[in-house]
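S.K.: For reference, this is start21.csv, and it has CSV, C-alpha atoms.
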```csv
chain,number,residue,atom,x,y,z
A,735,MET,CA,23.6,-27.6,-32.7
A,736,THR,CA,24.6,-30.1,-30.0
A,737,ARG,CA,21.6,-31.1,-28.0
A,738,PRO,CA,22.1,-31.4,-24.3
A,739,PRO,CA,21.4,-34.9,-23.0
A,740,ASP,CA,19.9,-33.7,-19.8
A,741,PRO,CA,16.1,-33.5,-20.2
A,742,LEU,CA,16.0,-30.6,-17.8
A,743,ALA,CA,18.5,-28.7,-19.9
A,744,ARG,CA,16.6,-29.5,-23.1
A,745,PHE,CA,13.5,-28.2,-21.3
A,746,ALA,CA,15.1,-25.0,-20.1
A,747,ARG,CA,17.2,-24.1,-23.2
A,748,VAL,CA,14.3,-22.9,-25.3
A,749,THR,CA,14.6,-21.0,-28.5
A,750,PRO,CA,12.7,-17.8,-29.1
A,751,PRO,CA,10.3,-17.6,-32.0
A,752,ARG,CA,11.8,-16.8,-35.4
A,753,ASP,CA,10.1,-13.4,-35.5
A,754,HIS,CA,11.1,-12.4,-32.0
A,755,VAL,CA,14.0,-10.2,-32.9
A,756,ARG,CA,12.1,-8.6,-35.7
A,757,ARG,CA,9.3,-7.6,-33.4
A,758,VAL,CA,11.7,-6.3,-30.8
A,759,LEU,CA,13.4,-4.1,-33.3
A,760,GLU,CA,10.0,-2.9,-34.6
A,761,ARG,CA,8.8,-2.0,-31.1
A,762,THR,CA,12.0,-0.2,-30.2
A,763,GLY,CA,11.7,1.9,-33.4
A,764,SER,CA,14.7,0.5,-35.2
A,765,GLY,CA,12.7,-1.5,-37.7
A,766,PRO,CA,14.4,-4.0,-40.0
A,767,VAL,CA,18.1,-3.2,-40.3
A,768,ASN,CA,19.0,-2.0,-43.7
A,769,GLU,CA,21.4,-4.4,-45.3
A,770,GLN,CA,23.2,-1.5,-46.9
A,771,ARG,CA,26.0,0.0,-44.8
A,772,ARG,CA,25.2,3.3,-43.2
A,773,ARG,CA,27.3,5.7,-41.4
A,774,PRO,CA,27.0,5.6,-37.7
A,775,GLY,CA,25.2,8.5,-36.3
A,776,ASP,CA,22.8,9.0,-39.2
A,777,GLU,CA,19.5,10.4,-38.2
A,778,ARG,CA,16.8,7.9,-38.1
A,779,ALA,CA,13.4,7.8,-36.6
A,780,GLY,CA,13.7,6.2,-33.2
A,781,ASN,CA,11.1,7.3,-30.9
A,782,ARG,CA,12.1,6.5,-27.4
A,783,HIS,CA,9.2,8.1,-25.9
A,784,VAL,CA,6.9,5.2,-26.1
A,785,LEU,CA,3.4,5.8,-24.8
A,786,MET,CA,2.0,3.6,-22.1
A,787,PRO,CA,0.0,0.7,-23.7
A,788,VAL,CA,-3.6,1.7,-24.2
A,789,ARG,CA,-4.9,-1.2,-22.2
A,790,TRP,CA,-3.0,-0.1,-19.1
A,791,LEU,CA,-4.2,3.4,-19.6
A,792,ALA,CA,-7.8,2.3,-19.9
A,793,ALA,CA,-7.6,0.1,-16.9
A,794,SER,CA,-6.1,2.9,-14.8
A,795,VAL,CA,-8.8,5.4,-15.9
A,796,ALA,CA,-11.5,2.8,-15.1
A,797,GLY,CA,-10.0,2.2,-11.7
A,798,LEU,CA,-9.9,5.9,-11.0
A,799,VAL,CA,-13.6,6.3,-12.1
A,800,VAL,CA,-14.6,3.5,-9.8
A,801,ILE,CA,-12.8,5.0,-6.8
A,802,ALA,CA,-14.2,8.4,-7.5
A,803,GLY,CA,-17.7,6.9,-7.7
A,804,LEU,CA,-17.3,5.1,-4.4
A,805,LEU,CA,-16.0,8.2,-2.7
A,806,LEU,CA,-19.0,10.2,-4.1
A,807,VAL,CA,-21.5,7.6,-2.8
A,808,TYR,CA,-20.0,7.7,0.6
A,809,GLN,CA,-19.8,11.5,0.7
A,810,VAL,CA,-23.5,11.8,-0.3
A,811,ARG,CA,-24.5,9.2,2.4
A,812,ASP,CA,-22.5,11.1,5.0
A,813,MET,CA,-24.2,14.4,4.0
A,814,ARG,CA,-27.6,12.8,4.2
A,815,ASP,CA,-26.8,11.5,7.6
A,816,ILE,CA,-25.8,14.9,8.8
A,817,GLY,CA,-28.9,16.4,7.2
A,818,LEU,CA,-27.4,18.5,4.5
A,819,VAL,CA,-29.1,16.6,1.9
A,820,PRO,CA,-32.8,15.8,2.4
A,821,PRO,CA,-33.7,12.1,2.0
A,822,ALA,CA,-35.2,11.1,-1.3
A,823,ALA,CA,-38.5,10.0,0.2
A,824,ALA,CA,-39.6,12.5,2.8
A,825,GLY,CA,-42.3,10.3,4.0
A,826,GLU,CA,-45.5,11.3,5.6
A,827,TRP,CA,-43.8,13.1,8.4
A,828,GLY,CA,-41.3,15.0,6.4
A,829,GLY,CA,-41.9,18.7,6.6
A,830,LYS,CA,-45.1,18.5,8.5
A,831,GLY,CA,-45.6,19.4,12.1
A,832,VAL,CA,-47.1,17.0,14.5
A,833,ASP,CA,-50.0,18.4,16.4
A,834,VAL,CA,-49.0,17.3,19.9
A,835,PRO,CA,-49.0,19.7,22.8
A,836,VAL,CA,-45.6,20.3,24.3
A,837,LEU,CA,-45.2,18.2,27.4
A,838,PRO,CA,-42.6,18.6,30.1
A,839,PRO,CA,-39.5,16.6,29.6
A,840,ARG,CA,-40.4,14.1,32.3
A,841,ALA,CA,-43.4,13.0,30.3
A,842,TYR,CA,-41.2,11.9,27.5
A,843,TRP,CA,-38.9,9.8,29.6
A,844,GLU,CA,-41.4,7.0,30.0
A,845,MET,CA,-43.0,7.4,26.7
A,846,SER,CA,-42.8,4.5,24.2
A,847,ALA,CA,-41.8,5.7,20.8
A,848,PHE,CA,-43.6,2.9,19.0
A,849,GLU,CA,-46.9,3.4,20.9
A,850,GLU,CA,-46.7,7.2,20.2
A,851,PHE,CA,-46.1,6.6,16.6
A,852,THR,CA,-49.1,4.3,16.3
A,853,ARG,CA,-51.3,6.7,18.1
A,854,LEU,CA,-50.2,9.7,16.1
A,855,GLU,CA,-50.5,7.7,12.8
A,856,ALA,CA,-54.1,6.6,13.7
A,857,SER,CA,-55.1,10.1,14.6
A,858,ARG,CA,-53.6,11.5,11.4
A,859,THR,CA,-55.3,8.9,9.3
A,860,ALA,CA,-58.7,9.6,11.0
A,861,ALA,CA,-58.3,13.3,10.4
A,862,THR,CA,-57.5,12.7,6.8
A,863,ARG,CA,-60.6,10.5,6.3
A,864,ARG,CA,-62.8,13.1,8.1
A,865,GLU,CA,-61.6,15.8,5.7
A,866,THR,CA,-62.2,13.5,2.7
A,867,SER,CA,-65.7,12.5,3.7
A,868,SER,CA,-66.7,16.0,4.5
A,869,ALA,CA,-65.5,17.2,1.2
A,870,ARG,CA,-67.4,14.5,-0.6
A,871,ALA,CA,-70.6,15.1,1.4
A,872,ALA,CA,-70.4,18.8,0.4
A,873,ALA,CA,-70.0,17.9,-3.3
A,874,GLU,CA,-72.7,15.1,-3.6
A,875,PRO,CA,-75.8,14.6,-1.5
A,876,ARG,CA,-75.4,10.8,-1.8
A,877,GLY,CA,-72.0,9.5,-2.4
A,878,THR,CA,-71.1,6.6,-4.6
A,879,ALA,CA,-70.8,4.3,-1.6
A,880,GLN,CA,-74.3,5.1,-0.5
A,881,ARG,CA,-75.7,4.7,-4.0
A,882,SER,CA,-73.9,1.4,-4.5
A,883,SER,CA,-75.1,0.1,-1.2
A,884,ALA,CA,-78.7,1.1,-1.9
A,885,GLU,CA,-78.7,-0.7,-5.2
A,886,GLY,CA,-77.2,-3.8,-3.5
A,887,LEU,CA,-73.9,-3.4,-5.3
A,888,PRO,CA,-70.7,-4.1,-3.4
A,889,VAL,CA,-69.1,-1.0,-2.0
A,890,ASN,CA,-65.6,-1.8,-3.1
A,891,GLY,CA,-65.6,-2.6,-6.8
A,892,PRO,CA,-67.1,-5.6,-8.6
A,893,PRO,CA,-67.7,-8.7,-6.6
A,894,GLN,CA,-64.8,-11.2,-6.4
A,895,ASP,CA,-65.3,-14.7,-7.6
A,896,GLY,CA,-66.6,-17.0,-4.9
A,897,ILE,CA,-67.1,-14.2,-2.3
A,898,ALA,CA,-70.7,-12.9,-1.8
A,899,PRO,CA,-71.0,-9.1,-1.7
A,900,ILE,CA,-71.5,-7.6,1.6
A,901,ALA,CA,-74.8,-5.8,1.9
A,902,ILE,CA,-74.4,-2.6,3.7
A,903,ALA,CA,-77.5,-0.9,4.8
A,904,ALA,CA,-78.0,2.6,3.5
A,905,ILE,CA,-77.0,5.3,5.9
A,906,ASP,CA,-79.5,8.1,6.0
A,907,MET,CA,-77.7,11.3,6.6
A,908,GLY,CA,-80.1,13.3,8.7
A,909,ASP,CA,-80.1,17.0,9.1
A,910,ILE,CA,-77.7,18.2,11.7
A,911,ASP,CA,-79.5,20.4,14.2
A,912,VAL,CA,-77.1,22.7,15.7
A,913,THR,CA,-78.7,24.3,18.7
A,914,PRO,CA,-77.2,27.7,19.1
A,915,ILE,CA,-75.6,28.3,22.3
A,916,GLY,CA,-77.5,30.6,24.5
A,917,PRO,CA,-76.1,33.6,26.1
A,918,LEU,CA,-73.4,32.7,28.5
A,919,PRO,CA,-74.0,33.5,32.1
A,920,ALA,CA,-72.2,36.5,33.3
A,921,ILE,CA,-69.3,35.8,35.4
A,922,ALA,CA,-69.3,37.7,38.6
A,923,VAL,CA,-65.9,38.5,39.8
A,924,GLY,CA,-65.9,38.9,43.5
A,925,ASP,CA,-63.3,39.5,46.0
A,926,ILE,CA,-61.2,36.6,47.0
A,927,ASP,CA,-60.9,36.0,50.6
A,928,VAL,CA,-57.3,35.5,51.4
A,929,PRO,CA,-56.6,34.4,54.9
A,930,GLU,CA,-54.2,36.5,56.7
A,931,LEU,CA,-50.7,34.9,56.8
A,932,THR,CA,-49.0,34.9,60.1
A,933,VAL,CA,-45.3,34.5,60.0
A,934,THR,CA,-43.9,33.3,63.2
A,935,PRO,CA,-40.2,33.2,63.9
A,936,LEU,CA,-38.6,29.8,63.6
A,937,SER,CA,-37.8,28.1,66.8
A,938,GLU,CA,-34.2,27.7,67.7
A,939,GLU,CA,-32.8,24.3,67.1
A,940,VAL,CA,-32.2,22.3,70.2
A,941,GLN,CA,-28.5,21.6,70.3
B,1088,MET,CA,39.0,-6.7,-45.6
B,1089,SER,CA,41.8,-4.7,-47.3
B,1090,LEU,CA,42.8,-1.4,-45.9
B,1091,SER,CA,42.7,1.5,-48.4
B,1092,LEU,CA,45.2,4.3,-47.9
B,1093,SER,CA,43.7,6.5,-50.6
B,1094,PRO,CA,42.1,9.7,-49.2
B,1095,THR,CA,39.4,9.6,-51.9
B,1096,ALA,CA,38.4,6.1,-51.3
B,1097,ALA,CA,35.2,5.4,-49.5
B,1098,ALA,CA,35.3,5.1,-45.8
B,1099,ARG,CA,35.8,1.6,-44.6
B,1100,PRO,CA,32.4,0.3,-43.5
B,1101,SER,CA,32.0,-0.2,-39.8
B,1102,SER,CA,31.9,-3.7,-38.4
B,1103,THR,CA,30.1,-4.7,-35.3
B,1104,ALA,CA,31.5,-8.1,-34.9
B,1105,PRO,CA,34.5,-7.5,-32.7
B,1106,VAL,CA,32.8,-4.6,-30.8
B,1107,THR,CA,32.1,-5.1,-27.1
B,1108,ASP,CA,28.8,-4.6,-25.5
B,1109,ALA,CA,29.9,-1.4,-23.9
B,1110,GLU,CA,30.8,0.1,-27.2
B,1111,LEU,CA,27.6,-1.0,-28.8
B,1112,VAL,CA,25.7,0.6,-26.0
B,1113,GLU,CA,27.5,3.8,-26.4
B,1114,ARG,CA,26.7,3.8,-30.1
B,1115,ALA,CA,23.1,2.8,-29.5
B,1116,ARG,CA,22.8,5.8,-27.3
B,1117,ARG,CA,23.7,7.9,-30.3
B,1118,HIS,CA,20.8,6.4,-32.2
B,1119,ASP,CA,22.9,3.8,-34.0
B,1120,ASP,CA,20.3,1.3,-35.0
B,1121,GLU,CA,22.8,-1.2,-36.2
B,1122,ALA,CA,24.4,-1.2,-32.8
B,1123,TRP,CA,21.1,-1.7,-31.1
B,1124,ALA,CA,20.2,-4.5,-33.5
B,1125,GLU,CA,23.5,-6.2,-32.8
B,1126,LEU,CA,22.8,-6.1,-29.1
B,1127,VAL,CA,19.4,-7.6,-29.6
B,1128,HIS,CA,20.8,-10.4,-31.7
B,1129,ARG,CA,23.5,-11.1,-29.2
B,1130,HIS,CA,21.3,-11.4,-26.1
B,1131,HIS,CA,17.8,-12.2,-27.3
B,1132,VAL,CA,18.1,-15.9,-26.5
B,1133,ALA,CA,19.4,-15.2,-22.9
B,1134,VAL,CA,16.6,-12.8,-22.3
B,1135,TYR,CA,14.0,-15.2,-23.6
B,1136,ARG,CA,15.3,-18.1,-21.5
B,1137,THR,CA,15.4,-16.0,-18.4
B,1138,ALA,CA,11.8,-15.0,-18.9
B,1139,TYR,CA,10.9,-18.6,-19.6
B,1140,ALA,CA,12.5,-19.8,-16.4
B,1141,ALA,CA,10.1,-17.7,-14.5
B,1142,LEU,CA,7.0,-18.2,-16.5
B,1143,LEU,CA,7.3,-21.7,-18.2
B,1144,ARG,CA,5.0,-20.6,-21.0
B,1145,HIS,CA,6.2,-19.5,-24.4
B,1146,GLY,CA,3.6,-16.9,-24.9
B,1147,GLU,CA,4.2,-15.1,-21.6
B,1148,ALA,CA,7.9,-15.5,-21.9
B,1149,ASP,CA,7.7,-13.8,-25.3
B,1150,ASP,CA,5.7,-10.9,-23.9
B,1151,ALA,CA,7.9,-10.5,-21.0
B,1152,ALA,CA,11.0,-10.5,-23.2
B,1153,GLN,CA,9.5,-7.9,-25.5
B,1154,ASP,CA,8.7,-5.7,-22.4
B,1155,ALA,CA,12.2,-6.2,-21.1
B,1156,TRP,CA,13.8,-5.1,-24.4
B,1157,MET,CA,11.4,-2.1,-24.5
B,1158,THR,CA,12.4,-1.1,-21.0
B,1159,ALA,CA,16.1,-1.5,-21.7
B,1160,TRP,CA,15.8,0.6,-24.8
B,1161,GLN,CA,14.0,3.4,-22.9
B,1162,ARG,CA,16.5,3.3,-20.1
B,1163,LEU,CA,19.6,2.9,-22.1
B,1164,ASP,CA,20.7,6.5,-21.3
B,1165,GLY,CA,20.5,5.6,-17.6
B,1166,PHE,CA,22.7,2.6,-17.8
B,1167,ARG,CA,25.7,3.5,-15.8
B,1168,GLY,CA,27.9,0.6,-16.5
B,1169,ASP,CA,28.3,-0.6,-12.9
B,1170,ALA,CA,27.5,-4.1,-14.2
B,1171,THR,CA,27.8,-5.5,-17.7
B,1172,PHE,CA,25.0,-4.8,-20.1
B,1173,ARG,CA,24.1,-8.4,-20.2
B,1174,THR,CA,23.6,-8.6,-16.4
B,1175,TRP,CA,21.6,-5.4,-16.4
B,1176,LEU,CA,19.5,-6.6,-19.3
B,1177,LEU,CA,18.8,-10.0,-17.7
B,1178,ALA,CA,17.9,-8.3,-14.4
B,1179,ILE,CA,15.3,-6.3,-16.3
B,1180,ALA,CA,14.0,-9.4,-18.0
B,1181,TRP,CA,13.7,-11.3,-14.7
B,1182,ARG,CA,11.8,-8.5,-13.0
B,1183,LYS,CA,9.4,-8.2,-15.9
B,1184,ALA,CA,8.8,-11.9,-15.8
B,1185,LEU,CA,8.2,-11.8,-12.0
B,1186,ASP,CA,5.8,-8.9,-12.4
B,1187,ARG,CA,3.9,-10.9,-14.9
B,1188,ARG,CA,4.0,-14.0,-12.7
B,1189,ARG,CA,2.7,-12.1,-9.7
B,1190,SER,CA,0.0,-10.3,-11.5
B,1191,LEU,CA,-3.6,-11.4,-11.0
B,1192,ALA,CA,-4.0,-12.2,-14.7
B,1193,GLY,CA,-0.9,-14.3,-14.6
B,1194,TRP,CA,-2.1,-16.2,-11.6
B,1195,LEU,CA,-5.4,-16.9,-13.3
B,1196,ARG,CA,-3.6,-18.1,-16.4
B,1197,ARG,CA,-1.5,-20.5,-14.5
B,1198,LEU,CA,-4.5,-22.0,-12.8
B,1199,ALA,CA,-5.1,-23.7,-16.1
B,1200,PRO,CA,-2.5,-26.3,-17.0
B,1201,ALA,CA,-0.3,-25.6,-19.9
B,1202,SER,CA,-2.2,-26.5,-23.0
B,1203,ARG,CA,-0.9,-28.9,-25.6
B,1204,GLU,CA,-0.8,-25.8,-27.9
B,1205,ASP,CA,1.7,-24.2,-25.6
B,1206,GLU,CA,3.7,-27.4,-25.4
B,1207,GLY,CA,3.4,-27.8,-29.2
B,1208,ARG,CA,5.1,-24.5,-29.5
B,1209,ASP,CA,8.1,-26.2,-27.9
B,1210,ASP,CA,8.4,-28.2,-31.1
B,1211,MET,CA,8.0,-25.1,-33.3
B,1212,VAL,CA,10.5,-22.9,-31.6
B,1213,ASN,CA,13.0,-25.7,-31.2
B,1214,VAL,CA,12.8,-26.6,-34.9
B,1215,ALA,CA,16.6,-26.2,-35.1
B,1216,ASP,CA,16.9,-29.1,-32.8
B,1217,SER,CA,14.0,-31.1,-34.2
B,1218,ALA,CA,15.3,-30.8,-37.7
B,1219,THR,CA,18.1,-33.2,-36.9
B,1220,LEU,CA,15.8,-35.7,-35.3
B,1221,ASP,CA,13.6,-38.2,-36.8
B,1222,ALA,CA,9.9,-38.4,-36.1
B,1223,GLN,CA,10.2,-40.9,-33.4
B,1224,ALA,CA,13.0,-39.1,-31.6
B,1225,ALA,CA,11.0,-35.8,-31.9
B,1226,LEU,CA,8.0,-37.5,-30.3
B,1227,LEU,CA,10.1,-38.9,-27.5
B,1228,ASP,CA,11.6,-35.5,-27.0
B,1229,ARG,CA,8.3,-33.9,-26.7
B,1230,GLU,CA,7.0,-36.5,-24.2
B,1231,ALA,CA,10.2,-36.0,-22.1
B,1232,ARG,CA,9.5,-32.2,-22.0
B,1233,HIS,CA,6.0,-32.8,-21.0
B,1234,ARG,CA,7.1,-35.1,-18.1
B,1235,VAL,CA,9.6,-32.5,-17.0
B,1236,ARG,CA,7.0,-29.8,-17.0
B,1237,ARG,CA,4.7,-31.9,-14.9
B,1238,ALA,CA,7.5,-32.9,-12.5
B,1239,LEU,CA,8.5,-29.2,-12.1
B,1240,ARG,CA,5.2,-28.5,-10.5
B,1241,GLY,CA,6.2,-30.4,-7.5
B,1242,VAL,CA,9.4,-28.5,-7.0
B,1243,PRO,CA,9.2,-25.4,-4.7
B,1244,GLN,CA,9.2,-22.2,-6.6
B,1245,ALA,CA,12.5,-20.9,-5.1
B,1246,GLN,CA,14.3,-24.1,-6.1
B,1247,ARG,CA,12.6,-24.2,-9.4
B,1248,ASP,CA,13.8,-20.7,-10.3
B,1249,CYS,CA,17.4,-21.4,-9.5
B,1250,LEU,CA,17.2,-24.8,-11.2
B,1251,LEU,CA,15.8,-23.4,-14.5
B,1252,LEU,CA,18.1,-20.4,-14.6
B,1253,ALA,CA,21.1,-22.7,-14.1
B,1254,ALA,CA,19.8,-25.2,-16.6
B,1255,GLY,CA,19.3,-22.5,-19.2
B,1256,GLY,CA,23.0,-22.2,-19.5
B,1257,GLU,CA,23.0,-18.4,-19.7
B,1258,LEU,CA,23.9,-17.5,-16.2
B,1259,THR,CA,26.6,-18.5,-13.7
B,1260,TYR,CA,25.8,-19.2,-10.1
B,1261,ASP,CA,27.1,-15.9,-9.1
B,1262,GLU,CA,25.0,-14.1,-11.7
B,1263,ILE,CA,21.9,-16.0,-10.5
B,1264,GLY,CA,22.7,-15.0,-7.0
B,1265,ASP,CA,22.9,-11.4,-8.0
B,1266,LEU,CA,19.7,-11.7,-10.0
B,1267,LEU,CA,17.8,-13.3,-7.1
B,1268,ASP,CA,19.6,-11.3,-4.4
B,1269,VAL,CA,20.7,-14.4,-2.6
B,1270,PRO,CA,24.1,-15.7,-1.7
B,1271,THR,CA,25.8,-18.0,-4.2
B,1272,GLY,CA,25.9,-20.8,-1.7
B,1273,THR,CA,22.1,-20.6,-1.4
B,1274,VAL,CA,21.8,-20.8,-5.2
B,1275,LYS,CA,23.9,-24.0,-5.3
B,1276,TRP,CA,21.9,-25.5,-2.5
B,1277,ARG,CA,18.6,-24.7,-4.2
B,1278,VAL,CA,19.8,-26.2,-7.5
B,1279,SER,CA,21.0,-29.3,-5.7
B,1280,GLU,CA,17.7,-29.8,-3.8
B,1281,GLY,CA,15.7,-28.9,-6.8
B,1282,ARG,CA,17.5,-31.6,-8.9
B,1283,LYS,CA,16.8,-34.2,-6.2
B,1284,ARG,CA,13.1,-33.4,-6.1
B,1285,LEU,CA,12.9,-33.3,-9.8
B,1286,ARG,CA,14.5,-36.7,-10.1
B,1287,THR,CA,12.2,-38.2,-7.6
B,1288,ARG,CA,9.2,-36.7,-9.3
B,1289,LEU,CA,10.3,-38.0,-12.7
B,1290,GLU,CA,10.9,-41.5,-11.4
B,1291,GLY,CA,7.4,-41.4,-10.0
B,1292,LEU,CA,5.9,-40.2,-13.2
B,1293,SER,CA,7.7,-42.8,-15.4
```
Translate the structure of the given file into structure tokens.

M.R.:
Amino acid sequence: MTRPPDPLARFARVTPPRDHVRRVLERTGSGPVNEQRRRPGDERAGNRHVLMPVRWLAASVAGLVVIAGLLLVYQVRDMRDIGLVPPAAAGEWGGKGVDVPVLPPRAYWEMSAFEEFTRLEASRTAATRRETSSARAAAEPRGTAQRSSAEGLPVNGPPQDGIAPIAIAAIDMGDIDVTPIGPLPAIAVGDIDVPELTVTPLSEEVQ
Amino acid sequence: MSLSLSPTAAARPSSTAPVTDAELVERARRHDDEAWAELVHRHHVAVYRTAYAALLRHGEADDAAQDAWMTAWQRLDGFRGDATFRTWLLAIAWRKALDRRRSLAGWLRRLAPASREDEGRDDMVNVADSATLDAQAALLDREARHRVRRALRGVPQAQRDCLLLAAGGELTYDEIGDLLDVPTGTVKWRVSEGRKRLRTRLEGLS
């Protein structure tokens, strides 16, 4: 073989690998050509319906799964925004009514949402603590906190290192005297003096 | 080969040597594996060089050439004969090579410079040339190819494509123009400009 003198030509005129033709014929279903002569038109296995390479199929399926997953995420988020799907964490206010008297609309115009939330949260917390303390008082005459404070132990768990326990004086729960309300005074309903209304005709406008 | 006139003699075996590409294609459509094999033998070098002109890497050129042959084999029934089989086949090979070049994976592979292994394959696949060279000449030849590869990086891609397709010796300027869908004059200009740039780069590297 005559070698071209031009270095570019020598670079460009490459030769395929020795097994290149064999692999082409194997892939196209022809296989190695039989050296023995055969009649043209003989039936031979030559599957022209080659399936797509597996790696491309796997990549396509993976891409479709990713797209479907993203669409599902966005769809659920939209449904949650609309309210079709309840949020995962309902929070303290979810599903519970707020005990606030209905005010006229004008009252809400100048209302601060943050201040209202703080006020409502404080009142709700105080109500919860009253319920808890009343339930404990009914179950035990002297609660754990009172016993610990009487014995000089810290109220909230064992003392921390370097911090002296806070001595809390015992709180004596006295009896609650409830004075029954006496009979209510009778309400006398009398006549209401309504002054007589005098309707005078309107004066004519001075033109 | 002698011609037998006896009716009981065996049929004269068919020969593919003087058969044209069109006849081979027709026979390959009828599942004649020998005809198809003959087509592969005739054009596998041109297909490989066309793919190599786009990719400049033996491994990728081999894969692109394999894909091109597979596509041609699958679409053989759709070959209408408007152009020659060779032109049609090389167009498929060029498109396959471009698809591979434009793919993200191909772009990532080309970020890394051609390894010595890939260039060493130059020596292996060109063993027909190297066999006639002594060791020193083979080493010089390999170094020259390495310099050409480095110099080609400085040539714009459009000029490089035309330059390598023309230098491959498989396509005329008209065929390159049809392949790239540009006028023949543009192909000639790109080849000329590409050669100038390549020469300048080689002089700078030497």

S.K.: Find the residues in chain B near chain A: any atom within 6 Å counts, using all atoms listed in the file. Write them as a list in words.

M.R.: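 In the required form, that comes to Asp1119, Asp1120, Gln1153, Gln1161, Val1212, Asn1213, Arg1232, Leu1251, Ala1254 and Gly1255 of chain B.
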
S.K.: If you count only C-alpha atoms, which residues fall within 10 Å of Gly1241 of chain B, apart from same-chain ones fewer than 4 positions away, as a list in words?

M.R.: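 With the cut-off at 10 Å, the set is Arg1236, Arg1237, Arg1247, Gly1281, Arg1284, Leu1285, Thr1287 and Arg1288 of chain B.
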
S.K.: Give me, please, the distance in Å between atom CA of Ala1122 of chain B and atom CA of Glu1257 of chain B, quoted to one decimal.

M.R.: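 Separation of atom CA of Ala1122 of chain B and atom CA of Glu1257 of chain B: 21.7 Å.
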
S.K.: One decimal, Å: what's the distance from atom CA of Ser867 of chain A over to atom CA of Gly908 of chain A, could you say?

M.R.: 15.3 Å

S.K.: Have a look at atom CA of Tyr1139 of chain B and atom CA of Trp1181 of chain B and let me know their distance in Å, one decimal.

M.R.: 9.2 Å
